$ cat coords-v4.cif   # mmCIF, C-alpha atoms
data_final
#
loop_
_atom_site.label_atom_id
_atom_site.label_comp_id
_atom_site.auth_asym_id
_atom_site.auth_seq_id
_atom_site.Cartn_x
_atom_site.Cartn_y
_atom_site.Cartn_z
CA ALA A 1 -26.73 -7.92 -78.26
CA SER A 2 -25.19 -7.42 -81.75
CA PHE A 3 -24.40 -11.13 -82.09
CA GLN A 4 -27.92 -12.00 -80.99
CA TYR A 5 -29.40 -9.60 -83.59
CA ALA A 6 -27.14 -11.03 -86.31
CA ALA A 7 -28.16 -14.56 -85.38
CA LYS A 8 -31.80 -13.60 -85.87
CA LEU A 9 -31.09 -12.08 -89.28
CA PHE A 10 -28.90 -14.99 -90.37
CA PRO A 11 -30.00 -18.08 -88.45
CA ASP A 12 -27.90 -20.32 -90.69
CA LYS A 13 -24.64 -18.50 -89.91
CA GLU A 14 -22.43 -20.22 -87.27
CA TYR A 15 -20.21 -17.28 -86.34
CA PRO A 16 -22.81 -15.23 -84.39
CA LYS A 17 -23.91 -18.38 -82.55
CA LYS A 18 -20.31 -19.19 -81.69
CA LYS A 19 -19.63 -15.71 -80.34
CA ILE A 20 -22.83 -15.77 -78.31
CA THR A 21 -21.69 -19.05 -76.74
CA GLU A 22 -18.26 -17.57 -75.95
CA VAL A 23 -19.81 -14.48 -74.34
CA LEU A 24 -22.15 -16.59 -72.25
CA GLU A 25 -19.26 -18.77 -71.13
CA LEU A 26 -17.23 -15.68 -70.21
CA ILE A 27 -20.11 -14.26 -68.17
CA LYS A 28 -20.47 -17.57 -66.40
CA ILE A 29 -16.76 -17.60 -65.56
CA GLN A 30 -16.91 -14.00 -64.31
CA GLN A 31 -19.86 -14.88 -62.09
CA LEU A 32 -17.97 -17.85 -60.64
CA VAL A 33 -14.92 -15.65 -60.04
CA ARG A 34 -17.09 -13.07 -58.30
CA VAL A 35 -18.62 -15.77 -56.12
CA GLU A 36 -15.16 -17.01 -55.14
CA TYR A 37 -14.01 -13.42 -54.49
CA ASN A 38 -17.01 -12.70 -52.25
CA LYS A 39 -16.46 -15.96 -50.39
CA ILE A 40 -12.85 -15.05 -49.62
CA LEU A 41 -13.84 -11.48 -48.80
CA LYS A 42 -16.39 -12.72 -46.26
CA ILE A 43 -13.70 -14.75 -44.49
CA ALA A 44 -11.33 -11.77 -44.52
CA LYS A 45 -13.98 -9.49 -42.98
CA GLU A 46 -14.66 -12.03 -40.21
CA TYR A 47 -10.97 -12.11 -39.35
CA PHE A 48 -10.89 -8.30 -39.39
CA ASN A 49 -13.94 -7.97 -37.13
CA ASN A 50 -12.37 -10.46 -34.70
CA LYS A 51 -9.16 -8.40 -34.78
CA GLU A 52 -7.23 -11.33 -36.25
CA TYR A 53 -5.41 -8.89 -38.46
CA HIS A 54 -2.63 -11.11 -39.80
CA ASN A 55 -5.13 -13.71 -41.01
CA ALA A 56 -7.29 -10.93 -42.43
CA ILE A 57 -4.34 -9.63 -44.51
CA ILE A 58 -3.75 -13.12 -45.91
CA GLU A 59 -7.38 -13.44 -47.01
CA PHE A 60 -7.56 -9.92 -48.48
CA ASN A 61 -4.46 -10.78 -50.51
CA ASN A 62 -6.14 -14.02 -51.62
CA ALA A 63 -9.14 -11.95 -52.74
CA LEU A 64 -6.79 -9.77 -54.83
CA LYS A 65 -5.40 -12.87 -56.49
CA VAL A 66 -8.93 -13.65 -57.66
CA LEU A 67 -9.76 -10.06 -58.69
CA PRO A 68 -6.51 -8.04 -58.86
CA ASP A 69 -8.23 -4.82 -59.92
CA GLU A 70 -10.50 -4.59 -56.87
CA THR A 71 -9.62 -1.62 -54.61
CA TYR A 72 -11.50 -2.69 -51.46
CA PRO A 73 -8.99 -5.37 -50.35
CA VAL A 74 -6.13 -2.92 -50.93
CA LYS A 75 -7.77 -0.27 -48.72
CA LYS A 76 -8.48 -2.82 -45.98
CA ILE A 77 -4.87 -4.04 -46.02
CA GLU A 78 -3.66 -0.44 -45.67
CA GLU A 79 -6.12 0.08 -42.81
CA ILE A 80 -4.88 -3.07 -41.06
CA ASN A 81 -1.24 -2.07 -41.45
CA LYS A 82 -2.05 1.28 -39.85
CA ILE A 83 -3.84 -0.48 -36.97
CA LEU A 84 -0.89 -2.83 -36.47
CA GLU A 85 1.51 0.12 -36.43
CA GLU A 86 -0.62 1.87 -33.80
CA GLU A 87 -0.81 -1.33 -31.78
CA LYS A 88 2.95 -1.66 -31.94
CA SER A 89 3.33 1.92 -30.70
CA ASN A 90 0.68 1.34 -28.02
CA ASP A 91 2.41 -1.84 -26.93
CA LYS A 92 5.67 0.03 -26.34
CA ALA A 93 3.86 2.76 -24.40
CA TYR A 94 1.93 0.10 -22.46
CA GLN A 95 5.07 -1.81 -21.51
CA LYS A 96 6.74 1.42 -20.40
CA ALA A 97 3.73 2.41 -18.28
CA ILE A 98 3.67 -1.03 -16.64
CA LEU A 99 7.42 -0.91 -15.97
CA ASP A 100 7.18 2.59 -14.47
CA GLY A 101 4.14 1.58 -12.44
CA ASN A 102 5.96 -1.47 -11.05
CA ASN A 103 9.00 0.63 -10.12
CA TYR A 104 6.86 3.22 -8.31
CA PHE A 105 5.01 0.38 -6.55
CA LYS A 106 8.28 -1.14 -5.29
CA ILE A 107 9.36 2.09 -3.59
CA GLY A 108 5.89 2.71 -2.14
CA ASP A 109 5.07 5.71 -4.35
CA PHE A 110 1.46 4.59 -4.76
CA ASN A 111 0.04 7.77 -6.33
CA ASN A 112 2.47 7.72 -9.25
CA ALA A 113 2.08 3.94 -9.54
CA ILE A 114 -1.68 4.32 -9.94
CA ALA A 115 -1.17 7.06 -12.55
CA GLU A 116 1.06 4.76 -14.64
CA TYR A 117 -1.28 1.76 -14.34
CA GLU A 118 -4.22 3.96 -15.37
CA LYS A 119 -2.20 5.09 -18.39
CA ALA A 120 -1.57 1.43 -19.28
CA ASN A 121 -5.26 0.64 -18.78
CA LYS A 122 -6.26 3.31 -21.30
CA LEU A 123 -3.78 1.95 -23.84
CA LYS A 124 -4.98 -1.63 -23.44
CA PRO A 125 -8.41 -1.76 -21.76
CA SER A 126 -8.67 -5.51 -22.34
CA GLU A 127 -5.60 -6.24 -20.18
CA LYS A 128 -6.49 -7.22 -16.61
CA PHE A 129 -3.10 -6.55 -15.00
CA PRO A 130 -3.30 -2.71 -14.73
CA SER A 131 -6.77 -2.69 -13.14
CA GLU A 132 -5.76 -5.50 -10.76
CA LYS A 133 -2.70 -3.51 -9.62
CA ILE A 134 -4.81 -0.36 -9.18
CA ASN A 135 -7.27 -2.27 -6.94
CA GLU A 136 -4.36 -3.80 -5.01
CA ILE A 137 -2.81 -0.39 -4.37
CA LYS A 138 -6.11 1.16 -3.29
CA LEU A 139 -6.54 -1.68 -0.77
CA LEU A 140 -2.99 -1.13 0.48
CA ILE A 141 -3.60 2.61 0.86
CA SER A 142 -6.77 1.88 2.84
CA ASN A 143 -4.96 -0.61 5.09
CA ASN A 144 -1.99 1.73 5.51
CA LYS A 145 -4.33 4.52 6.54
CA LYS A 146 -5.88 2.29 9.22
CA GLU A 147 -2.44 1.17 10.38
CA GLN A 148 -1.23 4.77 10.53
CA GLN A 149 -4.25 5.74 12.64
CA ALA A 150 -3.58 2.82 15.02
CA TYR A 151 0.12 3.76 15.14
CA ASP A 152 -0.61 7.42 15.90
CA GLN A 153 -3.13 6.46 18.57
CA ALA A 154 -0.65 4.11 20.29
CA ILE A 155 2.11 6.74 20.23
CA GLU A 156 -0.20 9.41 21.59
CA GLN A 157 -1.41 7.15 24.41
CA GLY A 158 2.15 6.05 25.16
CA GLU A 159 3.30 9.66 25.49
CA LYS A 160 0.40 10.43 27.82
CA PHE A 161 1.40 7.56 30.10
CA PHE A 162 5.03 8.68 29.87
CA SER A 163 4.18 12.23 30.91
CA ILE A 164 2.55 10.99 34.14
CA ARG A 165 5.38 8.51 34.83
CA ARG A 166 3.31 5.39 34.14
CA TYR A 167 6.25 3.96 32.24
CA SER A 168 5.20 0.29 32.07
CA GLU A 169 1.90 1.26 30.44
CA ALA A 170 3.79 3.61 28.13
CA VAL A 171 6.04 0.71 27.04
CA ASP A 172 2.95 -1.39 26.24
CA GLU A 173 1.58 1.35 23.98
CA PHE A 174 4.92 1.96 22.29
CA ASN A 175 5.23 -1.78 21.61
CA LYS A 176 1.80 -1.72 19.94
CA ALA A 177 3.11 0.99 17.63
CA ALA A 178 6.33 -0.99 17.02
CA LYS A 179 4.33 -3.97 15.76
CA ILE A 180 2.88 -1.70 13.08
CA LYS A 181 6.23 -0.06 12.23
CA PRO A 182 9.01 -2.41 13.36
CA ASP A 183 11.66 -0.46 11.43
CA ASP A 184 11.00 2.83 13.24
CA ILE A 185 14.45 3.48 14.75
CA ILE A 186 13.34 6.51 16.77
CA LEU A 187 10.50 4.50 18.29
CA GLN A 188 12.85 1.64 19.22
CA LYS A 189 15.08 4.15 21.00
CA ARG A 190 12.04 5.56 22.83
CA ILE A 191 11.04 2.06 23.94
CA LYS A 192 14.49 1.31 25.40
CA GLU A 193 14.52 4.66 27.19
CA THR A 194 11.04 4.04 28.63
CA GLU A 195 11.85 0.45 29.63
CA ALA A 196 14.84 1.71 31.64
CA LEU A 197 12.62 4.25 33.37
CA ALA A 198 10.00 1.58 34.02
CA ILE A 199 12.60 -0.53 35.86
CA LYS A 200 13.64 2.48 37.92
CA GLN A 201 10.00 3.32 38.57
CA GLU A 202 9.31 -0.21 39.78
CA LEU A 203 12.24 0.00 42.21
CA TYR A 204 11.17 3.47 43.31
CA ASP A 205 7.58 2.37 43.96
CA LYS A 206 8.80 -0.59 46.00
CA LEU A 207 11.11 1.61 48.09
CA ILE A 208 8.37 4.19 48.64
CA GLU A 209 5.94 1.48 49.74
CA GLU A 210 8.46 0.11 52.25
CA ALA A 211 9.36 3.59 53.45
CA ASP A 212 5.72 4.59 53.89
CA ASN A 213 5.02 1.46 55.93
CA LEU A 214 8.02 2.21 58.18
CA TYR A 215 6.91 5.84 58.50
CA VAL A 216 3.40 4.84 59.55
CA ALA A 217 4.98 2.43 62.10
CA LYS A 218 7.02 5.43 63.36
CA LYS A 219 10.28 3.71 62.51
CA TYR A 220 11.59 7.00 61.29
CA LYS A 221 15.28 6.26 60.89
CA LYS A 222 14.70 3.13 58.82
CA ALA A 223 11.99 4.95 56.88
CA LYS A 224 14.41 7.76 56.14
CA GLU A 225 16.94 5.25 54.76
CA LYS A 226 14.34 3.90 52.32
CA TYR A 227 13.24 7.39 51.28
CA LEU A 228 16.88 8.27 50.60
CA GLU A 229 17.25 5.18 48.40
CA ALA A 230 14.09 6.17 46.53
CA GLU A 231 15.43 9.70 46.12
CA ASN A 232 18.66 8.35 44.65
CA ALA A 233 16.66 6.22 42.19
CA PHE A 234 14.55 9.19 41.07
CA PRO A 235 16.20 12.50 42.13
CA GLU A 236 13.52 14.50 40.30
CA GLN A 237 10.76 13.11 42.53
CA THR A 238 9.83 15.55 45.31
CA TYR A 239 7.87 13.16 47.50
CA PRO A 240 10.89 11.52 49.24
CA LYS A 241 12.39 14.94 49.99
CA GLU A 242 9.15 16.15 51.54
CA ILE A 243 8.81 13.11 53.81
CA ILE A 244 12.51 13.15 54.74
CA SER A 245 12.05 16.77 55.82
CA LYS A 246 9.10 15.76 58.02
CA ILE A 247 11.09 12.87 59.48
CA ASP A 248 13.98 15.19 60.28
CA GLN A 249 11.60 17.48 62.11
CA VAL A 250 10.17 14.53 64.04
CA LEU A 251 13.64 13.26 64.90
CA ILE A 252 14.71 16.72 66.06
CA LYS A 253 11.62 17.00 68.20
CA GLU A 254 12.20 13.52 69.58
CA GLY A 255 15.82 14.44 70.23
CA VAL A 256 14.77 17.55 72.15
CA GLU A 257 12.18 15.62 74.12
CA ASN A 258 14.68 12.91 74.90
CA GLN A 259 17.21 15.51 75.97
CA ASN A 260 14.66 17.20 78.24
CA GLN A 261 13.70 13.87 79.70
CA TYR A 262 17.39 13.07 80.22
CA ASP A 263 17.96 16.41 81.93
CA GLU A 264 14.96 15.83 84.19
CA LEU A 265 16.17 12.39 85.14
CA VAL A 266 19.67 13.70 85.84
CA ALA A 267 18.23 16.50 87.94
CA GLU A 268 16.15 14.03 89.90
CA GLY A 269 19.24 11.90 90.46
CA ASP A 270 21.17 14.84 91.76
CA ILE A 271 18.39 15.64 94.22
CA PHE A 272 18.45 12.08 95.56
CA GLN A 273 22.19 12.32 96.04
CA LEU A 274 21.80 15.55 98.05
CA ASP A 275 19.24 13.97 100.26
#

$ encode --input "coords-v4.cif" --output "structure tokens"
Amino acid sequence: ASFQYAAKLFPDKEYPKKKITEVLELIKIQQLVRVEYNKILKIAKEYFNNKEYHNAIIEFNNALKVLPDETYPVKKIEEINKILEEEKSNDKAYQKAILDGNNYFKIGDFNNAIAEYEKANKLKPSEKFPSEKINEIKLLISNNKKEQQAYDQAIEQGEKFFSIRRYSEAVDEFNKAAKIKPDDIILQKRIKETEALAIKQELYDKLIEEADNLYVAKKYKKAKEKYLEAENAFPEQTYPKEIISKIDQVLIKEGVENQNQYDELVAEGDIFQLD
């Protein structure tokens, strides 16, 4: 303004005109510098908003090269460094949560596995792996629950059949349970025990059927032999004992009747001899 005023007072003087020209040129340069600064700053902000922090730092530093006294790029660089430090810390915590979650998953501790994957999900919501593992575990828990219900039902039904000595049907139910839990050692032992009883039961039933047929045909001695074999196969069964007792009574009665008949015949013979 002073040089302009001087130039009006002394239009023939060159110095004020020269200084005015220099000032105008300086302003023009400053404007161009500001334009370049704003252009770089715009690029830096785009990188920042896209979370491309390393590229953003480069551009904020380039902006400082254009205008070293500007404070905004310095503050943004400090902000980015803080974000990167937090991300580094989060990354360590995330990796630990994933590792712990995987370890819990391997040993079948699904509740703790879910807790760790949820922790990882909070640290890095954009990562798909934690949520995928959580969904996988929930599906496994649901399937395991159904399998456990089927297992329990088969065991319960098997024990009912066992209690009423329907051993073959009990084996079928226990085998259903074994397909669900093939590593159940106690169940495998129960199956072998029941299979042995089923074989004995099959023999017993066959002997009883033969014995009953002989009993109905009044072939008491042969029937008794079969009942005794059945009794030896299953000593705890009372049925053979009961029928054997009846047979013994029949045989005693038959023996008495035969003896009486014999005595009568002998007596008749003696009479004929006397005559």

$ closest_atom_pairs --input "coords-v4.cif" --of "range 67-125 of chain A" --to "range 31-55 of chain A" --cutoff "12 Å" --atoms "only C-alpha atoms" --output "JSON lines"
{"residue": "A:Leu67", "atom": "CA", "partner": "A:Tyr37", "partner_atom": "CA", "distance": 6.9}
{"residue": "A:Pro68", "atom": "CA", "partner": "A:Tyr37", "partner_atom": "CA", "distance": 10.2}
{"residue": "A:Asp69", "atom": "CA", "partner": "A:Tyr37", "partner_atom": "CA", "distance": 11.7}
{"residue": "A:Glu70", "atom": "CA", "partner": "A:Tyr37", "partner_atom": "CA", "distance": 9.8}
{"residue": "A:Tyr72", "atom": "CA", "partner": "A:Leu41", "partner_atom": "CA", "distance": 9.5}
{"residue": "A:Pro73", "atom": "CA", "partner": "A:Leu41", "partner_atom": "CA", "distance": 8.0}
{"residue": "A:Val74", "atom": "CA", "partner": "A:Leu41", "partner_atom": "CA", "distance": 11.7}
{"residue": "A:Lys76", "atom": "CA", "partner": "A:Phe48", "partner_atom": "CA", "distance": 8.9}
{"residue": "A:Ile77", "atom": "CA", "partner": "A:Tyr53", "partner_atom": "CA", "distance": 9.0}
{"residue": "A:Glu78", "atom": "CA", "partner": "A:Tyr53", "partner_atom": "CA", "distance": 11.2}
{"residue": "A:Glu79", "atom": "CA", "partner": "A:Tyr53", "partner_atom": "CA", "distance": 10.0}
{"residue": "A:Ile80", "atom": "CA", "partner": "A:Tyr53", "partner_atom": "CA", "distance": 6.4}
{"residue": "A:Asn81", "atom": "CA", "partner": "A:Tyr53", "partner_atom": "CA", "distance": 8.5}
{"residue": "A:Lys82", "atom": "CA", "partner": "A:Tyr53", "partner_atom": "CA", "distance": 10.8}
{"residue": "A:Ile83", "atom": "CA", "partner": "A:Tyr53", "partner_atom": "CA", "distance": 8.7}
{"residue": "A:Leu84", "atom": "CA", "partner": "A:Tyr53", "partner_atom": "CA", "distance": 7.8}
{"residue": "A:Glu85", "atom": "CA", "partner": "A:Tyr53", "partner_atom": "CA", "distance": 11.5}
{"residue": "A:Glu87", "atom": "CA", "partner": "A:Tyr53", "partner_atom": "CA", "distance": 11.1}

$ residues_around --input "coords-v4.cif" --residues "Pro130 in chain A" --least-positions-apart "2" --cutoff "7 Å" --atoms "only C-alpha atoms" --output "JSON, numbers by chain"
{"A": [117, 118, 120, 121, 127, 128, 132, 133, 134]}

$ resolve_selection --input "coords-v4.cif" --expression "the PyMOL selection byres ((chain A and resi 102) around 12)" --output "PyMOL selection string"
chain A and resi 95-101+103-117+120+129-130+133-134+137

$ write_last_selection --input "coords-v4.cif" --atoms "C-alpha atoms" --output "compact mmCIF listing (two decimals), in the frame of the given file"
# COMPACT_ATOMS: atom_id res chain seq x y z
CA GLN A 95 5.07 -1.81 -21.51
CA LYS A 96 6.74 1.42 -20.40
CA ALA A 97 3.73 2.41 -18.28
CA ILE A 98 3.67 -1.03 -16.64
CA LEU A 99 7.42 -0.91 -15.97
CA ASP A 100 7.18 2.59 -14.47
CA GLY A 101 4.14 1.58 -12.44
CA ASN A 103 9.00 0.63 -10.12
CA TYR A 104 6.86 3.22 -8.31
CA PHE A 105 5.01 0.38 -6.55
CA LYS A 106 8.28 -1.14 -5.29
CA ILE A 107 9.36 2.09 -3.59
CA GLY A 108 5.89 2.71 -2.14
CA ASP A 109 5.07 5.71 -4.35
CA PHE A 110 1.46 4.59 -4.76
CA ASN A 111 0.04 7.77 -6.33
CA ASN A 112 2.47 7.72 -9.25
CA ALA A 113 2.08 3.94 -9.54
CA ILE A 114 -1.68 4.32 -9.94
CA ALA A 115 -1.17 7.06 -12.55
CA GLU A 116 1.06 4.76 -14.64
CA TYR A 117 -1.28 1.76 -14.34
CA ALA A 120 -1.57 1.43 -19.28
CA PHE A 129 -3.10 -6.55 -15.00
CA PRO A 130 -3.30 -2.71 -14.73
CA LYS A 133 -2.70 -3.51 -9.62
CA ILE A 134 -4.81 -0.36 -9.18
CA ILE A 137 -2.81 -0.39 -4.37

$ atom_distance --input "coords-v4.cif" --atom1 "CA of Ala178 in chain A" --atom2 "CA of Gln153 in chain A"
12.1 Å

$ atom_distance --input "coords-v4.cif" --atom1 "CA of Thr194 in chain A" --atom2 "CA of Thr238 in chain A"
20.3 Å

$ atom_distance --input "coords-v4.cif" --atom1 "CA of Ser89 in chain A" --atom2 "CA of Glu59 in chain A"
24.8 Å

$ axis_aligned_box --input "coords-v4.cif" --around "range 142-153 of chain A" --padding-each-side "8 Å" --output "AutoDock Vina command-line options"
--center_x -3.3 --center_y 3.4 --center_z 10.7 --size_x 22.9 --size_y 24.0 --size_z 31.7

$ closest_residue --input "coords-v4.cif" --among "A:Glu225, A:Ser126, A:Ala217, A:Gln201" --to "Ile164 in chain A" --atoms "all atoms listed in the file"
A:Gln201
